[in-house]
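S.K.: What follows is a single structure, and I will ask about it in a moment.
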Amino acid sequence: MASPTQSGHTSEAPWLVLLYLSGTSSGQVTANTAILRALEEATKGEPLNATCLYQFSYTDRTVWGTILADGAEHVLHEGPPVDIAEPRFLTKFIDWALDRTRSPIEQRARVALFVKDDGTGWMPDSKVGRPAAPSNDPGVHPRGILFDGVRYMTVPGLRQAVASSRCHEVAIYGLDGCQMGTIEVAYELKDVAEIMIADDTTATKTGFAYDAFLPWLRGLQAPLDAAKVAAKVVELTNTRYKEEGATIVGVRLEGADGVADAIDGLAGALRALDPSQLASSLGVDAQDGTQVLTTILSGVTKLGTVATSVDAVVKALSGFYVSQPGGNGLTIFLPVLGSQFITLYGSLAFGQRFSLSNLKPTWSQFVAWLNETLLGVLSRSASGPVTPAGVAPTATRSLPSQ
């Protein structure tokens with residue numbers, strides 16, 4: 001996404017903060033109602049340098065409203081329930097907000113969109129969809145965020161929702177749900193947002209620190225750029241939940257291609273190693289396949305032969321974060337070989353970049369190598385079982401950060 005100055009957007013437009021809230025479970029109703037109440041209290045008496053509009057989707061109705069300058073919540077409209085997992089309803093909310101505030105297309109340089117619900121990254125879930133699935137359905141379905149009780153809005157759906165809106169892109173895309181801070185999600189959104197903010201591990205039910213962020217934003221004498229605003233959201237949220245260990249991360253999505261290239265180069269260097277010696281070189285338990293895979297991407301500094309590639313990843317990430325990650329930083333989820341998982345991974349822009357069908361890019365070769373060679377070696381050498389291919393995706397925490 002082009003920066004506001006590159007695309008000719010006005011630098012003085014007030015911020016438009018959009019909250020897309022789920023009420024499809026009792027826990028989310030409680031949490032998101034608390035967010036609105038906290039916003040009411042926190043914004044009393046603040047100058048109107050930002051506008052906050054929200055959509056709250058309950059199981060029996062949908063509420064559209066705004067947090068007024070005096071801190072009061074004002075319900076603007078109520079209607080029938082909508083399917084929160086459908087991208088078109090998020091698109092309609094964005095367009096409604098732009099129309100309601102009479103915002104020109106240039107306002108996209110100052111739009112901060114936050115979606116709040118249970119999140120799961122891109123990974124499939126064997127349970128999702130079963131209540132409405134046919135008897136021959138394998139039960140493997142894509143996940144993302146915004147769960148309607150049967151399915152999630154997928155990661156490609158999050159991109160589609162903004163791309164189809166009247167503004168086509170936003171300055172900040174906040175994903176307030178567990179495990180949404182992955183390179184796969186960031187890469188998917190790189191053409192529809194300037195900055196992504198997401199939980200890098202498990203989110204708190206109470207969500208980002210909206211009641212601290214919005215008063216700060218409204219109190220500014222002049223609007224700041226998206227990176228500085230995002231950094232403040234990250235700072236306020238991570239400070240609030242420091243003791244809980246729940247942290248969020250903000251990234252500049254224009255750097256997503258460079259990070260993907262660096263990951264690809266690192267994968268090539270790792271593939272060149274002798275897999276029979278890899279477990280001992282890493283100093284990990286050969287019986288724990290997940291530990292081996294995690295160490296490969298987060299502890300590769302132990303392998304001198306890949307030092308150059310590790311350095312490339314670190315350099316690619318330098319400047320990628322809007323502020324130093326308070327926790328793990330971005331995550332990457334490796335799909336194990338299995339037709340169901342590969343099909344889902346192939347639906348992502350990141351998966352399409354490294355097509356698993358022809359195995360030409362290094363990353364795809366690396367994934368195949370991990371499944372067919374490394375795990376095979378470990379299963380032969382270990383007395384205990386390791387994760388077989390096609391059973392579950394492997395999550396690797398904490399890409400090397402700055």
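Residue numbering restarts at 1 in every chain; chains get A, B, ... in the order shown in the structure tokens, and ligands count up from 1 in that same order.
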Can you list, as a ChimeraX atom specification, every protein, DNA or RNA residue that comes within 10 Å of Pro80 in chain A when you count only C-alpha atoms, leaving out same-chain residues fewer than 2 positions away?
M.R.: /A:57-63,78,82
S.K.: Using only C-alpha atoms, pick whichever of A:Tyr20, A:Ala109, A:Tyr152, A:Val162 has the shortest atom-to-atom distance to Asp225 in chain A.
M.R.: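 Looking only at the distances to Asp225 in chain A, the closest residue turns out to be A:Ala109.
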S.K.: What is the distance between CA of Leu344 in chain A and CA of Leu90 in chain A, in Å to one decimal?
M.R.: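 About the pair CA of Leu344 in chain A and CA of Leu90 in chain A: they are 22.2 Å apart.
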S.K.: Please indicate the distance in Å from CA of Glu169 in chain A to CA of Leu98 in chain A, rounded to one decimal place.
M.R.: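 Separation of CA of Glu169 in chain A and CA of Leu98 in chain A: 12.4 Å.
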S.K.: How many Å separate CA of Arg143 in chain A from CA of Lys190 in chain A?
M.R.: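 Atom-to-atom, CA of Arg143 in chain A to CA of Lys190 in chain A, that is 19.1 Å.
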S.K.: Counting only C-alpha atoms, what is within 8 Å of Tyr321 in chain A, bar same-chain residues fewer than 2 positions away, as number ranges by chain?
M.R.: A: 249-252, 317-319, 323-325
S.K.: From the options A:Asp148, A:Glu188, A:Asp257, A:Glu235, which residue's atoms come nearest to Gln160 in chain A, counting only C-alpha atoms?
M.R.: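 Closest to Gln160 in chain A of all the choices is A:Glu188.
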S.K.: Enumerate, as a ChimeraX atom specification, the complete set of residues in range 31-203 of chain A that a backbone-based DSSP assignment places in strand (DSSP E or B).
M.R.: /A:50-58,62-67,73-79,111-116,119,125,141,144-147,152-154,170-176,182,193-199
S.K.: How would the residues just picked look written out with C-alpha atoms as a PDB file, in the first residue's frame?
M.R.:
ATOM      1  CA  ALA A  50     -11.259  11.545  15.682  1.00  0.00           C
ATOM      2  CA  THR A  51     -14.565   9.816  15.016  1.00  0.00           C
ATOM      3  CA  CYS A  52     -15.375   6.344  16.349  1.00  0.00           C
ATOM      4  CA  LEU A  53     -18.109   4.251  14.720  1.00  0.00           C
ATOM      5  CA  TYR A  54     -18.919   0.634  15.518  1.00  0.00           C
ATOM      6  CA  GLN A  55     -20.989  -2.341  14.432  1.00  0.00           C
ATOM      7  CA  PHE A  56     -21.976  -4.844  17.112  1.00  0.00           C
ATOM      8  CA  SER A  57     -23.293  -8.090  15.619  1.00  0.00           C
ATOM      9  CA  TYR A  58     -25.434 -10.068  18.055  1.00  0.00           C
ATOM     10  CA  THR A  62     -27.115  -5.827  14.609  1.00  0.00           C
ATOM     11  CA  VAL A  63     -26.401  -2.434  16.142  1.00  0.00           C
ATOM     12  CA  TRP A  64     -24.599   0.441  14.437  1.00  0.00           C
ATOM     13  CA  GLY A  65     -23.490   3.325  16.612  1.00  0.00           C
ATOM     14  CA  THR A  66     -20.919   5.962  17.474  1.00  0.00           C
ATOM     15  CA  ILE A  67     -18.997   7.176  20.495  1.00  0.00           C
ATOM     16  CA  GLU A  73     -22.566   6.066  23.153  1.00  0.00           C
ATOM     17  CA  HIS A  74     -25.233   6.795  20.565  1.00  0.00           C
ATOM     18  CA  VAL A  75     -27.076   4.012  18.742  1.00  0.00           C
ATOM     19  CA  LEU A  76     -27.640   5.152  15.174  1.00  0.00           C
ATOM     20  CA  HIS A  77     -29.480   2.153  13.799  1.00  0.00           C
ATOM     21  CA  GLU A  78     -30.627  -1.351  14.656  1.00  0.00           C
ATOM     22  CA  GLY A  79     -31.360  -4.097  12.156  1.00  0.00           C
ATOM     23  CA  VAL A 111      -8.971   4.978   8.647  1.00  0.00           C
ATOM     24  CA  ALA A 112      -8.154   2.559  11.469  1.00  0.00           C
ATOM     25  CA  LEU A 113     -10.253  -0.609  11.194  1.00  0.00           C
ATOM     26  CA  PHE A 114     -10.352  -3.035  14.136  1.00  0.00           C
ATOM     27  CA  VAL A 115     -12.138  -6.403  14.129  1.00  0.00           C
ATOM     28  CA  LYS A 116     -12.670  -8.028  17.519  1.00  0.00           C
ATOM     29  CA  GLY A 119      -9.052 -15.585  16.126  1.00  0.00           C
ATOM     30  CA  ASP A 125      -9.909 -26.716  12.266  1.00  0.00           C
ATOM     31  CA  HIS A 141     -12.115 -25.948   7.229  1.00  0.00           C
ATOM     32  CA  GLY A 144      -9.344 -16.752  10.592  1.00  0.00           C
ATOM     33  CA  ILE A 145     -11.302 -14.396  12.835  1.00  0.00           C
ATOM     34  CA  LEU A 146     -14.978 -13.444  13.309  1.00  0.00           C
ATOM     35  CA  PHE A 147     -16.640 -16.781  14.120  1.00  0.00           C
ATOM     36  CA  TYR A 152     -14.797 -18.014  10.421  1.00  0.00           C
ATOM     37  CA  MET A 153     -14.128 -15.143   8.069  1.00  0.00           C
ATOM     38  CA  THR A 154     -11.002 -16.462   6.382  1.00  0.00           C
ATOM     39  CA  VAL A 170      -7.091   1.422   5.131  1.00  0.00           C
ATOM     40  CA  ALA A 171      -4.227   2.923   7.072  1.00  0.00           C
ATOM     41  CA  ILE A 172      -4.408   0.504  10.021  1.00  0.00           C
ATOM     42  CA  TYR A 173      -5.951  -2.980  10.070  1.00  0.00           C
ATOM     43  CA  GLY A 174      -6.265  -4.234  13.635  1.00  0.00           C
ATOM     44  CA  LEU A 175      -6.981  -7.931  14.176  1.00  0.00           C
ATOM     45  CA  ASP A 176      -7.992  -8.268  17.813  1.00  0.00           C
ATOM     46  CA  THR A 182       1.475 -14.269  11.384  1.00  0.00           C
ATOM     47  CA  ALA A 193      -3.485  -1.751   4.566  1.00  0.00           C
ATOM     48  CA  GLU A 194      -0.415   0.263   5.458  1.00  0.00           C
ATOM     49  CA  ILE A 195      -0.041  -1.172   8.984  1.00  0.00           C
ATOM     50  CA  MET A 196      -1.291  -4.401  10.547  1.00  0.00           C
ATOM     51  CA  ILE A 197      -1.745  -4.712  14.317  1.00  0.00           C
ATOM     52  CA  ALA A 198      -2.392  -8.191  15.680  1.00  0.00           C
ATOM     53  CA  ASP A 199      -1.954 -10.445  18.691  1.00  0.00           C
TER      54      ASP A 199
END
S.K.: Given only C-alpha atoms as the basis, pick out the residue of A:Ala349, A:Leu253, A:Val367, A:Ala230 nearest to Tyr210 in chain A.
M.R.: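 Smallest distance to Tyr210 in chain A is found for A:Ala230.
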S.K.: With a distance cut-off of 10 Å and only C-alpha atoms, select the neighbouring residues of Gly121 in chain A, excluding the residue or stretch itself and same-chain residues fewer than 3 positions from it, and output the selection as a ChimeraX atom specification.
M.R.: /A:118,124,142-145,154-155,175,177-185,199-201,331-333
